[in-house]
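First the structure, in the form of structure tokens, and then the observations on it.
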Amino acid sequence: MDATAVRDRAADLPRDPGVYLFYEDDSVRYVGKAVDLRARVRSYADPRSDRIRRMVDRADRIDVAVTDTETQALLLEANLIKRHQPRYNVRLKDDKSYPLVQLTAHDAPRIEVTRDPDEGATVFGPFTDKGRVETIVKALRETYGLRGCSDHKYRGRDRPCLDYEMGLCSAPCTGEIDAEAYAEDVRAAVRFFEGETGVLADPLRREMEAAAQAQSFERAANLRDRLETVESFHGTGGDAVASPADERTVDVLGAVVEGDRATVARLHSERGQLVDRSRHRLDAPEGEDRAGALLAAFVPQYYADRELPDAILCSERPDDDEVLAWLESEGVAVRVPGAGREAKLVDLALKNARRRTGGDDAAARLADELGLDTPPERIEGFDVSHAGGKAVVGSNVCFVDGSAEKSAYRRKKLTERNDDYANMRELVRWRAARAVDGTDDRPDPDLLLIDGGDGQLAAARDALGETGWDVPTIALAKAEERVITPDGVHDWPADASHLHLLQRVRDEAHRFAVQYHGAVRDEVSTALDEVPGVGPETRRRLLRRFGSVENVREASVADLRDVEGVGEKTADALARRL
């Protein structure tokens, strides 16, 4: 688009806050927020940098979304960046988004909290605190009886469900309320989200006062807490900032740009003790090398699905006044310390941001050895664990830049059978199908690593072929530490860094699978439960000792007596009953 086209488009826009999107061939290339959409979009007629100039030149249209407040624009911008991953935005490489509330387009609309609204739904948000939104939705359902059930549960009913009995729904499904009365209740919910707090606060206050008069003090207290949430929902969240003495949780953010690599390290402190640390890669557009700008992009995206701390210490002040205003409205103190203990924490975060885990060099070498186009930043490992075909489970772990990303771990109970190949095929097919249909909330990996040999690799590749998920897949056999690929076998030196990277992923997948198998095995009811004198703890000891009920059945009375907690009578009972 040239300058004239940008000015012409801007002239048609309102002066309201909102979000604007630059498109190229129906793909979103840039997302921005504005206090005044007309003025902000007009400014792109004279771009402020070469990067933005290139973006505008390539764009063929501009779209906008108007919001009620600047904060909504800030949060919507973060959601859209997450969804579209535009080339010219700073992007955090995960996929969380802020929650929304939708009233569906059904004849009897359903209300629910979602991150992926239905087509045609009336949508409010995004919001920063999912717990607070869920409290509001529950209060609306109790007050106005709006349904929250799925279409499957709604259709074909001949009597109301449990929600009706609990006072959460007025049961439009069975005609307990007529269509017009239900529509009026829906309009009341819409009015609340549009800013009419009294629609919900007034009936809650009356109910609270009635409960207090009836001396139902516990219910009155619950209603009071809910009323406080409702009355503060449309507010700023308070101007007060917690004092350092009250800051129980503190995040320390250090941002570093090295060449084409941008990293933010986060340290998390609770009650003065460091309890967690993480590193995050960002896609920074060419020419964007200011740490303040990176932090301004990182903060709203990272905290999209996470609880905000009481304070954030930064290596540089986030370069966005709206981000800072939002944090202040949420009661989060933002500081750039210059000296003392806090400054040392920021220095530590910067060291973490600059440090190399070994994953980068190892990943580059791995790409060379395997013939991959780029080093695999995200590797997922898979393993299966069971005991003779019982308590069969699968693990799916994730490493990013050579480090475990435990929030991306998944596990699954599998069909009970003593077939390692079929079990691996089922596990990988489950992951692949979720990726293909968009129900898995994680980015696609760059490489899959299977714990096993030729058979397990073939089973995994069969699953990928069935689902159409195209991800490079290899296996690592334990016995000889050989890497198996579709093209052959690699026998790398024992001290090779790229082999060590795969071993860490493989061993973690194995550990996670065995841990889950133990939990599932100990939970299941077995024939041991029918034996007098065998309680849950004794059952766990027997299974740990012998591995399965079948092995317990074959054990001698003398071997059974060797197990702690199994006396003579219990051992005899086990021998007789099993």
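Scheme for the structure tokens: letters A, B, ... for chains in order shown; per-chain residue numbers from 1; ligand numbers from 1 in order shown.
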### Task
Taking the DSSP assignment computed from this structure's backbone, write out as an MDAnalysis selection string all residues of segment 353-485 of chain A that belong to alpha helix (DSSP H).
chainID A and resid 353:354 359:370 420:437 454:467
### Query
Can you list every residue in segment 392-548 of chain A that DSSP puts in strand (DSSP E), as number ranges by chain?
A: 392-400, 403-404, 410-413, 447-451, 473-476, 483-485, 488-490
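Using only C-alpha atoms, the nearest neighbour of Gly145 of chain A within the list A:Gly452, A:Gly518, A:Gly167, A:Pro376 is A:Gly167.
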### Task
Write out as a VMD selection string the residues lying within 12 Å of segment 52-60 of chain A, counting only C-alpha atoms and excluding same-chain residues fewer than 3 positions away.
chain A and resid 1 to 6 9 21 to 32 41 to 49 63 86 to 89 285 to 288
### Message
Under the rule that only C-alpha atoms are counted, which of A:Lys569, A:Arg38, A:Arg205, A:Lys138 is the nearest residue to Leu227 of chain A?
### Response
A:Arg205
### Residues near Tyr182 of chain A, cut-off 9 Å, only C-alpha atoms, skip fewer than 4 positions along chain, as a PyMOL selection string
chain A and resi 108-109+144-146+170+172+177-178+186-187
Kindly save the residues from that selection, with N, CA, C and O atoms included, as a PDB file, in the first residue's frame.
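Contents of selection-v7.pdb, as written:
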ATOM      1  N   ALA A 108     -31.526 -20.649  22.143  1.00  0.00           N
ATOM      2  CA  ALA A 108     -31.341 -20.474  23.583  1.00  0.00           C
ATOM      3  C   ALA A 108     -29.827 -20.409  23.817  1.00  0.00           C
ATOM      4  O   ALA A 108     -29.177 -21.444  23.985  1.00  0.00           O
ATOM      5  N   PRO A 109     -29.240 -19.201  23.782  1.00  0.00           N
ATOM      6  CA  PRO A 109     -27.776 -19.082  23.820  1.00  0.00           C
ATOM      7  C   PRO A 109     -27.144 -19.727  25.060  1.00  0.00           C
ATOM      8  O   PRO A 109     -27.714 -19.706  26.153  1.00  0.00           O
ATOM      9  N   TYR A 144     -29.631 -15.576  36.481  1.00  0.00           N
ATOM     10  CA  TYR A 144     -30.506 -15.511  35.304  1.00  0.00           C
ATOM     11  C   TYR A 144     -30.769 -16.867  34.656  1.00  0.00           C
ATOM     12  O   TYR A 144     -31.501 -16.940  33.662  1.00  0.00           O
ATOM     13  N   GLY A 145     -30.183 -17.933  35.170  1.00  0.00           N
ATOM     14  CA  GLY A 145     -30.523 -19.269  34.682  1.00  0.00           C
ATOM     15  C   GLY A 145     -30.074 -19.555  33.270  1.00  0.00           C
ATOM     16  O   GLY A 145     -30.743 -20.294  32.538  1.00  0.00           O
ATOM     17  N   LEU A 146     -28.930 -19.004  32.852  1.00  0.00           N
ATOM     18  CA  LEU A 146     -28.450 -19.248  31.484  1.00  0.00           C
ATOM     19  C   LEU A 146     -27.809 -20.626  31.395  1.00  0.00           C
ATOM     20  O   LEU A 146     -27.068 -21.040  32.280  1.00  0.00           O
ATOM     21  N   SER A 170     -32.394 -22.307  33.833  1.00  0.00           N
ATOM     22  CA  SER A 170     -33.855 -22.249  33.839  1.00  0.00           C
ATOM     23  C   SER A 170     -34.484 -23.272  32.896  1.00  0.00           C
ATOM     24  O   SER A 170     -35.701 -23.268  32.698  1.00  0.00           O
ATOM     25  N   PRO A 172     -34.427 -24.056  29.371  1.00  0.00           N
ATOM     26  CA  PRO A 172     -35.179 -23.784  28.135  1.00  0.00           C
ATOM     27  C   PRO A 172     -35.312 -25.036  27.272  1.00  0.00           C
ATOM     28  O   PRO A 172     -36.183 -25.087  26.405  1.00  0.00           O
ATOM     29  N   ILE A 177     -38.989 -22.492  30.816  1.00  0.00           N
ATOM     30  CA  ILE A 177     -39.043 -21.046  30.639  1.00  0.00           C
ATOM     31  C   ILE A 177     -39.326 -20.781  29.162  1.00  0.00           C
ATOM     32  O   ILE A 177     -38.811 -21.496  28.286  1.00  0.00           O
ATOM     33  N   ASP A 178     -40.175 -19.797  28.866  1.00  0.00           N
ATOM     34  CA  ASP A 178     -40.500 -19.558  27.457  1.00  0.00           C
ATOM     35  C   ASP A 178     -39.373 -18.782  26.777  1.00  0.00           C
ATOM     36  O   ASP A 178     -38.512 -18.189  27.431  1.00  0.00           O
ATOM     37  N   VAL A 186     -30.909 -13.332  28.763  1.00  0.00           N
ATOM     38  CA  VAL A 186     -29.673 -13.221  27.981  1.00  0.00           C
ATOM     39  C   VAL A 186     -29.319 -11.753  27.783  1.00  0.00           C
ATOM     40  O   VAL A 186     -28.151 -11.357  27.897  1.00  0.00           O
ATOM     41  N   ARG A 187     -30.328 -10.918  27.500  1.00  0.00           N
ATOM     42  CA  ARG A 187     -30.069  -9.485  27.317  1.00  0.00           C
ATOM     43  C   ARG A 187     -29.530  -8.859  28.603  1.00  0.00           C
ATOM     44  O   ARG A 187     -28.688  -7.944  28.554  1.00  0.00           O
TER      45      ARG A 187
END
### Message
as a PyMOL selection string, please: the residues near segment 364-375 of chain A (cut-off 9 Å, only C-alpha atoms, same-chain neighbours under 4 positions excluded).
### Response
chain A and resi 359-360+446+472+485+490+497-499+501
### Task
Just the residues within 12 Å of Thr467 of chain A, please, counting only C-alpha atoms, with nothing from its chain fewer than 5 positions along; format it as a PyMOL selection string.
chain A and resi 425-426+428-437+460-462
Residue selection dump (N, CA, C and O atoms) as a PDB file, in the first residue's frame:
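Final file, part_22.pdb:
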ATOM      1  N   ARG A 425       2.276 -47.046  18.450  1.00  0.00           N
ATOM      2  CA  ARG A 425       1.469 -46.534  17.337  1.00  0.00           C
ATOM      3  C   ARG A 425       0.262 -45.760  17.864  1.00  0.00           C
ATOM      4  O   ARG A 425      -0.053 -44.678  17.369  1.00  0.00           O
ATOM      5  N   GLU A 426      -0.395 -46.281  18.896  1.00  0.00           N
ATOM      6  CA  GLU A 426      -1.559 -45.597  19.474  1.00  0.00           C
ATOM      7  C   GLU A 426      -1.157 -44.267  20.101  1.00  0.00           C
ATOM      8  O   GLU A 426      -1.850 -43.254  19.940  1.00  0.00           O
ATOM      9  N   VAL A 428       1.521 -42.251  19.441  1.00  0.00           N
ATOM     10  CA  VAL A 428       1.917 -41.244  18.460  1.00  0.00           C
ATOM     11  C   VAL A 428       0.720 -40.827  17.610  1.00  0.00           C
ATOM     12  O   VAL A 428       0.585 -39.650  17.254  1.00  0.00           O
ATOM     13  N   ARG A 429      -0.186 -41.769  17.299  1.00  0.00           N
ATOM     14  CA  ARG A 429      -1.380 -41.407  16.540  1.00  0.00           C
ATOM     15  C   ARG A 429      -2.231 -40.408  17.325  1.00  0.00           C
ATOM     16  O   ARG A 429      -2.791 -39.469  16.756  1.00  0.00           O
ATOM     17  N   TRP A 430      -2.324 -40.613  18.636  1.00  0.00           N
ATOM     18  CA  TRP A 430      -3.073 -39.675  19.498  1.00  0.00           C
ATOM     19  C   TRP A 430      -2.483 -38.276  19.423  1.00  0.00           C
ATOM     20  O   TRP A 430      -3.196 -37.301  19.231  1.00  0.00           O
ATOM     21  N   ARG A 431      -1.156 -38.162  19.531  1.00  0.00           N
ATOM     22  CA  ARG A 431      -0.518 -36.841  19.464  1.00  0.00           C
ATOM     23  C   ARG A 431      -0.692 -36.227  18.083  1.00  0.00           C
ATOM     24  O   ARG A 431      -1.005 -35.038  17.941  1.00  0.00           O
ATOM     25  N   ALA A 432      -0.502 -37.036  17.048  1.00  0.00           N
ATOM     26  CA  ALA A 432      -0.575 -36.524  15.682  1.00  0.00           C
ATOM     27  C   ALA A 432      -1.987 -36.080  15.330  1.00  0.00           C
ATOM     28  O   ALA A 432      -2.189 -35.017  14.723  1.00  0.00           O
ATOM     29  N   ALA A 433      -2.982 -36.870  15.722  1.00  0.00           N
ATOM     30  CA  ALA A 433      -4.369 -36.513  15.399  1.00  0.00           C
ATOM     31  C   ALA A 433      -4.765 -35.203  16.069  1.00  0.00           C
ATOM     32  O   ALA A 433      -5.447 -34.359  15.474  1.00  0.00           O
ATOM     33  N   ARG A 434      -4.330 -35.018  17.312  1.00  0.00           N
ATOM     34  CA  ARG A 434      -4.646 -33.769  18.021  1.00  0.00           C
ATOM     35  C   ARG A 434      -3.962 -32.574  17.347  1.00  0.00           C
ATOM     36  O   ARG A 434      -4.509 -31.473  17.314  1.00  0.00           O
ATOM     37  N   ALA A 435      -2.756 -32.787  16.845  1.00  0.00           N
ATOM     38  CA  ALA A 435      -2.058 -31.703  16.151  1.00  0.00           C
ATOM     39  C   ALA A 435      -2.761 -31.348  14.847  1.00  0.00           C
ATOM     40  O   ALA A 435      -2.928 -30.171  14.505  1.00  0.00           O
ATOM     41  N   VAL A 436      -3.182 -32.362  14.117  1.00  0.00           N
ATOM     42  CA  VAL A 436      -3.797 -32.133  12.811  1.00  0.00           C
ATOM     43  C   VAL A 436      -5.150 -31.448  12.945  1.00  0.00           C
ATOM     44  O   VAL A 436      -5.479 -30.527  12.175  1.00  0.00           O
ATOM     45  N   ASP A 437      -5.963 -31.864  13.946  1.00  0.00           N
ATOM     46  CA  ASP A 437      -7.298 -31.262  14.067  1.00  0.00           C
ATOM     47  C   ASP A 437      -7.315 -30.013  14.943  1.00  0.00           C
ATOM     48  O   ASP A 437      -8.370 -29.416  15.168  1.00  0.00           O
ATOM     49  N   ALA A 460       5.592 -45.716  14.906  1.00  0.00           N
ATOM     50  CA  ALA A 460       5.354 -44.271  14.992  1.00  0.00           C
ATOM     51  C   ALA A 460       5.154 -43.667  13.610  1.00  0.00           C
ATOM     52  O   ALA A 460       4.268 -42.830  13.398  1.00  0.00           O
ATOM     53  N   ARG A 461       5.961 -44.091  12.658  1.00  0.00           N
ATOM     54  CA  ARG A 461       5.844 -43.550  11.303  1.00  0.00           C
ATOM     55  C   ARG A 461       4.530 -43.992  10.654  1.00  0.00           C
ATOM     56  O   ARG A 461       3.931 -43.240   9.870  1.00  0.00           O
ATOM     57  N   ASP A 462       4.043 -45.189  10.988  1.00  0.00           N
ATOM     58  CA  ASP A 462       2.726 -45.618  10.505  1.00  0.00           C
ATOM     59  C   ASP A 462       1.641 -44.661  11.004  1.00  0.00           C
ATOM     60  O   ASP A 462       0.734 -44.268  10.256  1.00  0.00           O
TER      61      ASP A 462
END
### Neighbour list for Ala404 of chain A as a ChimeraX atom specification, cut-off 8 Å, only C-alpha atoms, skip fewer than 6 positions in-chain
/A:397-398,505
